[in-house]
file work.txt (compact mmCIF, C-alpha atoms)
# COMPACT_ATOMS: atom_id res chain seq x y z
CA MET A 1 117.02 96.26 88.75
CA ARG A 2 113.79 94.90 90.16
CA ILE A 3 111.03 97.14 91.48
CA ASP A 4 108.39 95.31 93.48
CA LEU A 5 105.15 97.27 93.72
CA ARG A 6 103.09 94.53 95.30
CA GLN A 7 101.30 96.02 98.34
CA SER A 8 102.95 99.34 97.48
CA GLU A 9 99.86 101.45 98.07
CA GLU A 10 98.60 99.98 101.31
CA MET A 11 99.70 103.07 103.21
CA CYS A 12 98.79 105.66 100.62
CA GLY A 13 102.25 106.81 99.68
CA GLU A 14 103.74 107.76 96.36
CA SER A 15 102.05 106.09 93.38
CA GLY A 16 103.67 102.75 92.62
CA ALA A 17 103.61 103.53 88.91
CA ALA A 18 105.27 106.90 89.51
CA ARG A 19 108.05 105.21 91.48
CA ALA A 20 108.73 102.75 88.67
CA ILE A 21 108.61 105.46 86.01
CA ALA A 22 111.09 107.59 87.97
CA ALA A 23 113.45 104.62 88.21
CA ILE A 24 113.30 104.00 84.46
CA ALA A 25 113.80 107.71 83.74
CA SER A 26 116.99 107.78 85.79
CA ALA A 27 118.42 104.45 84.56
CA HIS A 28 121.27 104.10 82.10
CA ARG A 29 120.98 103.04 78.46
CA GLY A 30 120.78 99.28 78.14
CA GLU A 31 119.78 98.75 81.75
CA ARG A 32 116.87 96.40 82.32
CA ILE A 33 114.18 97.27 84.84
CA GLU A 34 111.79 94.58 85.99
CA VAL A 35 108.56 95.82 87.54
CA LEU A 36 106.34 93.49 89.56
CA SER A 37 102.82 94.47 90.55
CA ASP A 38 99.49 92.87 91.33
CA ASN A 39 97.82 96.02 90.00
CA ALA A 40 97.29 95.84 86.24
CA ASP A 41 97.00 99.60 86.10
CA HIS A 42 100.57 100.01 87.40
CA LEU A 43 101.82 97.78 84.61
CA PHE A 44 99.73 99.62 82.02
CA ALA A 45 101.20 102.94 83.19
CA VAL A 46 104.80 101.72 83.20
CA ARG A 47 104.47 100.04 79.79
CA THR A 48 102.71 103.02 78.20
CA TRP A 49 105.13 105.58 79.60
CA ALA A 50 108.17 103.51 78.62
CA GLU A 51 107.02 102.98 75.06
CA ARG A 52 106.11 106.65 74.72
CA HIS A 53 109.66 107.55 75.74
CA GLY A 54 111.33 105.12 73.34
CA HIS A 55 112.23 102.37 75.79
CA SER A 56 111.72 98.75 74.80
CA LEU A 57 109.26 96.33 76.32
CA ARG A 58 111.21 93.06 76.47
CA GLU A 59 108.83 90.83 78.39
CA GLN A 60 105.44 91.06 80.01
CA ASP A 61 102.80 88.97 81.68
CA SER A 62 99.84 89.78 83.90
CA ARG A 63 101.99 90.62 86.93
CA ARG A 64 105.30 91.78 85.45
CA VAL A 65 106.95 93.91 82.78
CA LEU A 66 110.60 94.03 81.76
CA ILE A 67 111.78 97.29 80.22
CA GLU A 68 115.12 97.91 78.50
CA VAL A 69 116.18 101.52 78.76
CA ALA A 70 117.00 103.29 75.47
CA MET B 1 75.56 88.51 85.07
CA ALA B 2 77.02 87.16 88.30
CA GLU B 3 78.54 90.55 88.94
CA GLN B 4 75.22 92.29 88.35
CA LEU B 5 73.46 89.96 90.77
CA GLN B 6 76.11 90.57 93.38
CA GLN B 7 75.67 94.34 93.00
CA GLN B 8 71.94 94.08 93.60
CA ARG B 9 72.60 92.71 97.06
CA TYR B 10 74.08 96.01 98.23
CA ALA B 11 71.90 98.33 100.28
CA ASN B 12 72.10 101.10 97.70
CA GLU B 13 72.04 99.21 94.40
CA GLN B 14 72.74 102.32 92.38
CA ALA B 15 75.83 103.46 94.24
CA VAL B 16 78.19 101.14 92.42
CA VAL B 17 78.32 100.09 88.77
CA SER B 18 80.44 97.51 87.01
CA THR B 19 83.11 98.18 84.41
CA GLN B 20 80.83 96.57 81.83
CA TRP B 21 78.00 98.94 82.76
CA VAL B 22 80.36 101.85 82.13
CA ALA B 23 81.73 100.38 78.91
CA ASP B 24 78.18 100.12 77.59
CA ARG B 25 77.51 103.82 78.27
CA VAL B 26 80.61 105.72 77.19
CA LYS B 27 78.57 107.51 74.53
CA ASP B 28 75.47 108.07 76.63
CA GLN B 29 75.00 111.84 76.89
CA LYS B 30 73.18 111.58 80.22
CA VAL B 31 76.11 109.78 81.79
CA ARG B 32 79.24 111.78 82.65
CA ILE B 33 82.26 109.64 83.34
CA VAL B 34 84.87 111.31 85.52
CA GLU B 35 88.29 110.02 86.52
CA VAL B 36 89.39 111.23 89.96
CA ASP B 37 93.14 110.95 90.33
CA TYR B 38 95.74 111.74 92.91
CA ASP B 39 98.49 111.39 90.31
CA PRO B 40 97.12 112.01 86.80
CA LYS B 41 100.60 111.90 85.25
CA SER B 42 100.77 108.20 86.10
CA ALA B 43 97.14 107.55 85.27
CA TYR B 44 94.73 109.77 83.28
CA GLU B 45 97.42 111.32 81.11
CA LEU B 46 98.67 107.92 80.01
CA GLY B 47 95.17 106.76 79.12
CA HIS B 48 91.62 107.08 80.34
CA ILE B 49 88.14 105.79 79.55
CA GLY B 50 86.79 107.37 76.38
CA GLY B 51 85.05 110.68 77.07
CA ALA B 52 86.08 110.74 80.70
CA ALA B 53 86.77 114.11 82.27
CA LEU B 54 89.52 114.55 84.86
CA ILE B 55 89.13 115.77 88.42
CA GLN B 56 92.38 116.10 90.34
CA TRP B 57 92.01 115.39 94.03
CA GLY B 58 94.59 117.93 95.15
CA LYS B 59 93.58 121.01 93.19
CA ASP B 60 89.94 120.35 92.35
CA LEU B 61 88.41 118.72 95.44
CA ASN B 62 90.33 120.68 98.04
CA ASP B 63 90.43 124.33 98.95
CA GLY B 64 93.44 126.05 97.42
CA VAL B 65 94.48 127.89 100.56
CA ARG B 66 93.15 126.43 103.81
CA ARG B 67 92.72 122.78 104.75
CA ASP B 68 89.19 122.00 103.67
CA ILE B 69 87.24 120.52 100.83
CA VAL B 70 86.43 122.65 97.81
CA SER B 71 83.94 125.44 98.54
CA PRO B 72 80.35 125.32 97.23
CA GLN B 73 81.28 127.95 94.64
CA GLY B 74 84.36 126.01 93.64
CA PHE B 75 82.37 122.81 93.38
CA ALA B 76 79.78 124.46 91.13
CA ALA B 77 82.53 125.88 88.92
CA LEU B 78 84.28 122.51 88.74
CA LEU B 79 81.16 120.68 87.65
CA SER B 80 80.20 123.42 85.21
CA ARG B 81 83.67 123.20 83.59
CA ASN B 82 83.16 119.49 83.18
CA GLY B 83 79.73 119.75 81.59
CA ILE B 84 77.90 118.22 84.55
CA THR B 85 74.36 119.31 85.40
CA ARG B 86 72.25 118.61 88.49
CA GLU B 87 70.50 115.91 86.44
CA SER B 88 73.66 114.16 85.22
CA THR B 89 74.42 110.60 86.18
CA VAL B 90 78.04 110.91 87.27
CA ILE B 91 80.30 107.87 87.30
CA LEU B 92 83.51 108.25 89.28
CA TYR B 93 86.54 106.02 89.05
CA GLY B 94 90.23 106.55 89.57
CA ASP B 95 93.74 105.59 90.55
CA PHE B 96 94.95 104.35 93.94
CA ASN B 97 92.28 101.68 94.38
CA ASN B 98 89.46 104.19 93.86
CA TRP B 99 90.24 105.97 97.16
CA PHE B 100 90.21 109.41 95.62
CA ALA B 101 87.15 108.58 93.55
CA ALA B 102 85.45 107.57 96.81
CA PHE B 103 86.55 110.88 98.31
CA GLY B 104 85.00 112.55 95.26
CA TYR B 105 81.81 110.56 95.78
CA TRP B 106 81.69 111.76 99.39
CA VAL B 107 82.15 115.39 98.30
CA PHE B 108 79.44 115.00 95.64
CA LYS B 109 77.12 113.70 98.36
CA LEU B 110 78.05 116.50 100.78
CA TYR B 111 77.01 118.91 98.06
CA GLY B 112 73.80 117.04 97.34
CA HIS B 113 74.40 115.66 93.86
CA LYS B 114 71.64 113.10 93.47
CA ASP B 115 72.97 110.59 90.99
CA VAL B 116 76.64 109.81 91.56
CA ARG B 117 78.05 106.29 91.38
CA LEU B 118 81.37 104.57 91.75
CA MET B 119 82.80 102.26 89.09
CA ASN B 120 83.59 99.07 90.96
CA GLY B 121 87.33 98.37 90.97
CA GLY B 122 88.41 101.65 89.40
CA ARG B 123 91.35 101.83 87.02
CA LYS B 124 92.79 98.62 88.43
CA LYS B 125 89.79 96.55 87.36
CA TRP B 126 89.47 98.32 84.00
CA ALA B 127 93.13 97.57 83.23
CA GLU B 128 92.88 94.02 84.53
CA GLU B 129 90.14 93.40 81.98
CA LYS B 130 92.32 94.91 79.23
CA ARG B 131 89.63 97.41 78.31
CA SER B 132 90.55 100.24 76.02
CA TYR B 133 92.01 103.57 77.10
CA THR B 134 92.35 106.74 75.09
CA THR B 135 94.53 109.82 75.41
CA GLU B 136 92.06 111.99 73.49
CA ALA B 137 90.78 114.96 75.43
CA PRO B 138 87.04 114.71 76.05
CA LYS B 139 84.77 117.15 74.24
CA LEU B 140 83.20 118.95 77.17
CA VAL B 141 80.35 121.40 76.75
CA LYS B 142 80.27 123.79 79.65
CA SER B 143 77.15 123.62 81.80
CA VAL B 144 75.67 125.82 84.48
CA TYR B 145 75.78 123.94 87.77
CA PRO B 146 74.09 125.87 90.58
CA GLU B 147 75.94 126.61 93.79
CA PRO B 148 74.95 123.79 96.17
CA LYS B 149 74.06 123.83 99.84
CA ALA B 150 76.26 121.52 101.86
CA ASP B 151 74.99 118.67 104.00
CA TRP B 152 77.63 118.27 106.69
CA THR B 153 75.91 115.33 108.35
CA GLN B 154 78.24 112.96 106.50
CA ARG B 155 81.34 114.66 107.90
CA ALA B 156 82.96 114.56 111.34
CA TYR B 157 85.01 117.40 112.79
CA LEU B 158 87.52 117.07 115.61
CA PRO B 159 85.16 118.07 118.47
CA GLN B 160 82.61 115.49 117.36
CA VAL B 161 85.25 112.75 117.43
CA GLN B 162 86.47 113.89 120.85
CA ALA B 163 82.91 113.82 122.15
CA ALA B 164 82.41 110.27 120.89
CA LEU B 165 85.36 108.83 122.82
CA GLY B 166 84.32 106.11 125.22
CA LYS B 167 80.65 106.16 124.22
CA LYS B 168 79.15 102.75 123.64
CA ASP B 169 76.79 103.91 120.92
CA TRP B 170 79.67 105.17 118.78
CA GLY B 171 82.20 103.13 116.82
CA LEU B 172 85.53 104.33 115.46
CA VAL B 173 87.13 102.61 112.48
CA ASP B 174 90.81 103.17 111.72
CA VAL B 175 91.25 102.08 108.11
CA ARG B 176 95.01 102.70 107.86
CA SER B 177 97.65 100.00 107.59
CA PRO B 178 98.50 98.03 110.74
CA ALA B 179 101.88 99.81 110.96
CA GLU B 180 100.17 103.20 111.07
CA TYR B 181 97.59 101.96 113.59
CA LYS B 182 100.26 100.55 115.88
CA GLY B 183 102.22 103.78 115.76
CA GLU B 184 105.24 102.35 113.99
CA ILE B 185 105.04 105.11 111.38
CA THR B 186 102.94 108.23 110.87
CA ALA B 187 103.21 108.41 107.07
CA PRO B 188 105.46 107.09 104.31
CA PRO B 189 108.78 109.00 104.28
CA GLU B 190 108.13 110.63 100.90
CA TYR B 191 105.10 112.46 102.33
CA GLN B 192 106.71 115.10 104.50
CA ASN B 193 103.54 117.17 104.71
CA GLU B 194 101.58 114.26 106.18
CA GLN B 195 103.92 113.50 109.07
CA CYS B 196 102.57 113.99 112.60
CA ARG B 197 103.98 114.86 115.99
CA VAL B 198 102.75 111.60 117.47
CA ALA B 199 101.98 108.14 116.13
CA GLY B 200 99.28 105.71 117.14
CA HIS B 201 95.52 105.66 116.91
CA ILE B 202 92.44 107.23 118.46
CA PRO B 203 91.57 105.40 121.70
CA GLY B 204 88.97 102.72 121.18
CA ALA B 205 89.30 102.70 117.39
CA LYS B 206 89.09 99.31 115.71
CA SER B 207 91.71 98.50 113.10
CA ILE B 208 89.95 97.45 109.90
CA PRO B 209 92.27 98.37 106.99
CA TRP B 210 90.40 99.57 103.90
CA GLY B 211 91.79 96.70 101.82
CA LYS B 212 89.83 94.11 103.79
CA ALA B 213 86.69 95.38 102.05
CA VAL B 214 87.85 94.52 98.54
CA ASN B 215 88.65 91.49 96.46
CA GLU B 216 91.99 90.95 94.74
CA ASP B 217 90.76 92.75 91.62
CA GLY B 218 89.79 95.84 93.61
CA THR B 219 86.04 95.25 93.51
CA PHE B 220 84.01 95.31 96.70
CA LYS B 221 83.36 92.12 98.59
CA SER B 222 79.78 90.89 98.86
CA GLN B 223 77.37 92.42 101.33
CA ALA B 224 77.45 89.28 103.49
CA GLU B 225 81.26 89.31 103.64
CA LEU B 226 81.31 93.01 104.48
CA GLU B 227 78.68 92.62 107.20
CA ALA B 228 80.73 89.86 108.79
CA LEU B 229 83.96 91.86 108.55
CA TYR B 230 82.66 94.88 110.44
CA ARG B 231 80.39 93.00 112.82
CA ALA B 232 83.35 90.93 114.02
CA GLU B 233 84.95 94.15 115.27
CA GLY B 234 81.80 95.55 116.84
CA ILE B 235 81.16 98.01 114.04
CA THR B 236 77.42 97.47 113.76
CA ARG B 237 74.54 99.36 112.22
CA ASP B 238 72.96 100.31 115.54
CA LYS B 239 75.93 102.60 116.31
CA SER B 240 77.07 105.93 114.92
CA ILE B 241 80.28 105.17 113.03
CA ILE B 242 83.28 107.41 112.41
CA ALA B 243 85.79 106.32 109.77
CA TYR B 244 89.25 107.87 109.61
CA CYS B 245 92.66 107.34 108.04
CA ARG B 246 95.48 109.85 107.52
CA ILE B 247 93.98 112.50 105.23
CA GLY B 248 90.44 111.20 104.71
CA GLU B 249 90.61 109.45 101.34
CA ARG B 250 91.02 105.80 102.39
CA SER B 251 88.33 106.46 105.01
CA SER B 252 86.04 107.75 102.24
CA HIS B 253 86.33 104.30 100.72
CA THR B 254 85.25 102.71 104.03
CA TRP B 255 82.54 105.38 104.55
CA PHE B 256 81.21 104.36 101.12
CA VAL B 257 81.18 100.68 102.10
CA LEU B 258 79.38 101.25 105.39
CA LYS B 259 76.96 103.89 104.14
CA GLU B 260 76.12 102.77 100.62
CA LEU B 261 76.91 99.08 100.40
CA LEU B 262 75.78 98.07 103.88
CA GLY B 263 73.25 100.84 104.45
CA TYR B 264 74.40 101.80 107.95
CA PRO B 265 72.23 104.79 108.85
CA LYS B 266 74.79 106.88 110.75
CA VAL B 267 78.27 106.95 109.22
CA VAL B 268 80.57 109.93 108.99
CA ASN B 269 83.97 110.46 107.43
CA TYR B 270 86.50 112.22 109.65
CA ASP B 271 88.63 113.73 106.90
CA GLY B 272 90.81 115.61 109.37
CA SER B 273 91.95 112.09 110.28
CA TRP B 274 95.35 111.32 111.75
CA THR B 275 97.04 114.39 110.27
CA GLU B 276 94.74 116.43 112.50
CA TRP B 277 94.42 114.14 115.53
CA GLY B 278 98.13 113.28 115.63
CA ASN B 279 99.10 116.94 115.59
CA ALA B 280 96.43 118.33 117.89
CA VAL B 281 97.26 119.33 121.46
CA ASN B 282 95.67 117.42 124.34
CA THR B 283 94.16 114.60 122.31
CA PRO B 284 94.52 111.11 123.80
CA VAL B 285 96.46 108.53 121.80
CA GLU B 286 96.69 104.76 122.04
CA ARG B 287 99.43 102.51 120.67

call {"tool": "encode", "arguments": {"input": "work.txt", "output": "structure tokens"}}
result
Amino acid sequence: MRIDLRQSEEMCGESGAARAIAAIASAHRGERIEVLSDNADHLFAVRTWAERHGHSLREQDSRRVLIEVA
Amino acid sequence: MAEQLQQQRYANEQAVVSTQWVADRVKDQKVRIVEVDYDPKSAYELGHIGGAALIQWGKDLNDGVRRDIVSPQGFAALLSRNGITRESTVILYGDFNNWFAAFGYWVFKLYGHKDVRLMNGGRKKWAEEKRSYTTEAPKLVKSVYPEPKADWTQRAYLPQVQAALGKKDWGLVDVRSPAEYKGEITAPPEYQNEQCRVAGHIPGAKSIPWGKAVNEDGTFKSQAELEALYRAEGITRDKSIIAYCRIGERSSHTWFVLKELLGYPKVVNYDGSWTEWGNAVNTPVER
């Protein structure tokens, strides 16, 4: 699954990071979630939350993280 | 150094500080760093600047019952809890592109706090630079912050906005997204409590989305770029300017730009914004 958070906060809606975290929390074991964002803080939040909850960080760069759900 | 030079070109040089300025002062007792979040679970709780206190936009900067900002008593209690005195240099930063930190800055100014500043770029810039975060709770020593007197001259209420309609010496800035301005939506679907009866914008308002005032990394554009941006839409310093959005936080960001970075003398934030105008009876609407 790919979650694209680029421009996600232009309208002041739900936090982009919160949306990605909710998607990871409801995903099945082994599923891979790719999160794209031009906001480094979104990626920090997703990465930190995922690692804290035992999920694996498979890939990352400055605009993307790939999480494998535990 | 280039960043410091750029900051000095703003009208109020002290209103905004760089991430490096903050990083150099995390242990300075006279400086109180405060993160202002809309969603601390996705931000502060996962990591914050060392020693930073947390102010939550929803429960700390707003009244708990009616629609209004926190009361003077509530503001004094909030700052006392966070170890802030009248003499403290307060640095605000936060999630969501610093919108809620800018709202906090506006509230601090309404209540007359002398030395409050915004960290340029907020959490986005701090993270972009891979600076360190901590999850340690700050050691806060309670202070006694006196109950302030409010200065409402930085705030617009509905009648003031209605009275400004059609007047050439007033300028209205709608800082929402183009889709909101055009009336295609009133609010994102997940925000049921921010929906309105009608969509559109206040007649005569110029559409200048908040994001046009910042660079890709979330920091403010230069004074020259900002001047050109607003001047092109007729939002000039000789007018009284009203900024609005949906609930008043994105417009705080633009109020900050016009008031502090460009030094416009008469700028007010209409925090009632579209959630008030778009629900009020007998208010004109343009699409």

call {"tool": "closest_atom_pairs", "arguments": {"input": "work.txt", "of": "chain A", "to": "chain B", "cutoff": "8 Å", "atoms": "only C-alpha atoms", "output": "tab-separated table"}}
result
residue	atom	partner	partner_atom	distance
A:Glu9	CA	B:Phe96	CA	7.0
A:Glu10	CA	B:Ser177	CA	6.4
A:Met11	CA	B:Ser177	CA	5.7
A:Cys12	CA	B:Pro188	CA	7.8
A:Gly13	CA	B:Pro188	CA	5.6
A:Glu14	CA	B:Glu190	CA	6.9
A:Ser15	CA	B:Asp39	CA	7.1
A:Ala17	CA	B:Ser42	CA	6.1
A:Ala18	CA	B:Ser42	CA	5.8
A:Asn39	CA	B:Lys124	CA	5.9
A:Ala40	CA	B:Glu128	CA	5.1
A:Asp41	CA	B:Lys124	CA	4.9
A:His42	CA	B:Lys124	CA	8.0
A:Phe44	CA	B:Ala127	CA	7.0
A:Ala45	CA	B:Ser42	CA	6.0
A:Thr48	CA	B:Leu46	CA	6.6
A:Trp49	CA	B:Leu46	CA	6.9

call {"tool": "residues_around", "arguments": {"input": "work.txt", "residues": "Lys139 (chain B)", "least_positions_apart": "5", "cutoff": "10 Å", "atoms": "only C-alpha atoms", "output": "JSON, numbers by chain"}}
result
{"B": [51, 52, 53, 82, 83]}

call {"tool": "atom_distance", "arguments": {"input": "work.txt", "atom1": "CA of Ser18 (chain B)", "atom2": "CA of Met119 (chain B)"}}
result
5.7 Å

call {"tool": "residues_around", "arguments": {"input": "work.txt", "residues": "Arg6 (chain A)", "least_positions_apart": "6", "cutoff": "7 Å", "atoms": "only C-alpha atoms", "output": "list in words"}}
result
Leu36, Ser37 and Asp38 of chain A

call {"tool": "write_last_selection", "arguments": {"input": "work.txt", "atoms": "C-alpha atoms", "output": "tab-separated table (two decimals), keeping the file's coordinate frame"}}
result
chain	number	residue	atom	x	y	z
A	36	LEU	CA	106.34	93.49	89.56
A	37	SER	CA	102.82	94.47	90.55
A	38	ASP	CA	99.49	92.87	91.33

call {"tool": "closest_residue", "arguments": {"input": "work.txt", "among": "A:Arg52, A:Arg2, A:Arg47, A:Arg29", "to": "Glu68 (chain A)", "atoms": "all atoms listed in the file"}}
result
A:Arg29

call {"tool": "atom_distance", "arguments": {"input": "work.txt", "atom1": "CA of Ala11 (chain B)", "atom2": "CA of Val267 (chain B)"}}
result
14.0 Å

call {"tool": "residues_around", "arguments": {"input": "work.txt", "residues": "Arg32 (chain A)", "least_positions_apart": "4", "cutoff": "8 Å", "atoms": "only C-alpha atoms", "output": "ChimeraX atom specification"}}
result
/A:1,66-69

call {"tool": "write_last_selection", "arguments": {"input": "work.txt", "atoms": "C-alpha atoms", "output": "mmCIF file, in the frame of the given file"}}
result
data_model
loop_
_atom_site.group_PDB
_atom_site.id
_atom_site.type_symbol
_atom_site.label_atom_id
_atom_site.label_comp_id
_atom_site.auth_asym_id
_atom_site.auth_seq_id
_atom_site.Cartn_x
_atom_site.Cartn_y
_atom_site.Cartn_z
ATOM 1 C CA MET A 1 117.020 96.260 88.750
ATOM 2 C CA LEU A 66 110.600 94.030 81.760
ATOM 3 C CA ILE A 67 111.780 97.290 80.220
ATOM 4 C CA GLU A 68 115.120 97.910 78.500
ATOM 5 C CA VAL A 69 116.180 101.520 78.760
#

call {"tool": "residues_around", "arguments": {"input": "work.txt", "residues": "Val268 (chain B)", "least_positions_apart": "3", "cutoff": "12 Å", "atoms": "only C-alpha atoms", "output": "number ranges by chain"}}
result
B: 106, 109-110, 151-158, 160-161, 170-173, 239-244, 248, 251-260, 264-265, 271-273

call {"tool": "atom_distance", "arguments": {"input": "work.txt", "atom1": "CA of Ala228 (chain B)", "atom2": "CA of Val17 (chain B)"}}
result
22.6 Å

call {"tool": "axis_aligned_box", "arguments": {"input": "work.txt", "around": "region 24-43 of chain A", "padding_each_side": "5 Å", "output": "JSON"}}
result
{"center_x": 109.1, "center_y": 100.3, "center_z": 84.7, "size_x": 34.3, "size_y": 24.9, "size_z": 23.2}

call {"tool": "closest_residue", "arguments": {"input": "work.txt", "among": "A:Val65, A:Gly16, A:His55, A:Ser8", "to": "Glu34 (chain A)", "atoms": "all atoms listed in the file"}}
result
A:Val65
